[in-house]
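Let me begin by presenting the structure, written as structure tokens, before commenting on it.
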Amino acid sequence: MPDPGPGQVRVAMKAAALNYRDQIILNGHYGQGVREETIPVADGSGVIDAVGAGVESWTVGDRVISVYFRDWVDGPPPTDRLGFGLGSPGENGVLAEYVVLDASRVTRMPQSLDFVHASTLVCAGLTAWTALTEEHPVTAGQKILTLGTGGVSLFVLQLARTFGAEVIATTSQQAKEEQLRKLGAVDVLNYRTTPAWGENIYASTGGMDKVVNPVGGDAMTQSIMAVGAGGEIAVMGLFSTDDAPLRLPVLMSKGASIRGTAVGGSKALAQLVDFVDQHGITPVVQKTFALKDTKAAYTAQASRDVFGKIVIDMTA
């Protein structure tokens with residue numbers, strides 16, 4: 001049982017949500033890989049059950065979620081000290097029954113959500129929020145394209161629809177098309193059967209105001225083809241790093257931009273929490289696992305058939 005030091009809180013964890021980045025860390029492809037004992041996973045929810053000396057912002061019994069990055073409150077990311085977030089080499093995460101964190105590494109969890117659903121906001125939810133609200137904020141009536149059915153993409157679909165935007169989505173599986181439409185997608189393209197999906201979307205819509213690309217390099221050419229005049233491509237993809245030449249003349253002719261997105265700061269996470277409470281948004285969770293079944297949870301999260309978040313329920 002860890003004890004909180006000055007400026008720290010101890011959290012009795014109730015749920016931890018997996019992301020694709022957890023697979024990358026596990027496989028040694030994130031930074032230097034795991035070379036020492038590391039408590040994994042960044043996304044968690046729980047109840048503060050002890051506070052260290054000097055902590056006035058939290059009390060025992062507060063329901064909280066973790067904050068992904070240290071020292072990033074607002075504005076551009078502090079690249080000189082950003083690191084890889086909770087649950088990466090050198091920084092223990094939240095996949096434990098009790099976790100000690102700095103008081104600044106937690107924020108209030110939504111009152112409208114249970115622990116399982118709240119845990120999903122920390123990385124995937126906040127990344128989608130940052131992609132939609134920073135630099136070129138989404139407004140009602142705009143056209144948004146989101147790629148695939150990963151955690152970020154599903155959050156983009158839910159959040160953008162709440163903003164009043166029209167959302168087009170892509171997938172490679174016919175079974176997922178109806179699920180995307182049920183979440184509010186106005187159209188769904190199969191990128192396997194329609195390889196030139198970006199050109200197709202541009203021809204039928206006149207171009208997207210924003211393209212959210214959580215896939216990576218393989219999808220960048222068609223993302224450029226899909227974006228409209230003055231639009232933005234928000235990219236945070238780690239699935240593919242293909243370095244095919246970008247269609248920069250097309251990008252320039254549209255006056256569009258590409259913006260890298262790296263989760264977000266603690267202020268943005270608090271804004272997302274308020275937005276979720278205000279609009280009653282329920283994150284998509286496909287399945288929960290008990291802590292003892294963590295290995296099976298990792299396997300499920302890596303499956304191409306996953307639709308929604310995989311969460312480890314500490315109370316199960």
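Letters for chains follow the order of the structure tokens (A, B, ...), residue numbers begin at 1 for each chain, and ligand numbers begin at 1 in the order shown.
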
Residue contacts of segment 294-308 of chain A (6 Å, only C-alpha atoms) excluding same-chain residues fewer than 2 positions away, as a ChimeraX atom specification: /A:284-286,291-292,310

Test item, strand (DSSP E or B) assignment across segment 121-200 of chain A, answer as a VMD selection string: chain A and resid 143 to 146 166 to 171 187 to 190

Counting only C-alpha atoms, the option among A:Met1, A:Asn19, A:Asp293, A:Thr194 closest to Val100 of chain A: A:Met1

Proximity to Gly44 of chain A - best of A:Gly87, A:Pro137, A:Gly206, A:Gly151, only C-alpha atoms: A:Gly87

Contacts of Val94 of chain A at 12 Å (only C-alpha atoms; same-chain gap of 6+ positions) as a PyMOL selection string: chain A and resi 10-18+22+38-46+65-68+85-88+100-101+105-106+119+122+291+312+314

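Straight-line separation from atom CA of Arg259 of chain A to atom CA of Asn27 of chain A: 27.0 Å.
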
Residue neighbourhood segment 174-187 of chain A, 9 Å, only C-alpha atoms, exclusion window fewer than 3 positions, as a count of residues only: 14

Polymer residues at most 7 Å from segment 54-58 of chain A, only C-alpha atoms, same-chain spacing of 6 or more positions, as number ranges by chain: A: 6-8, 103
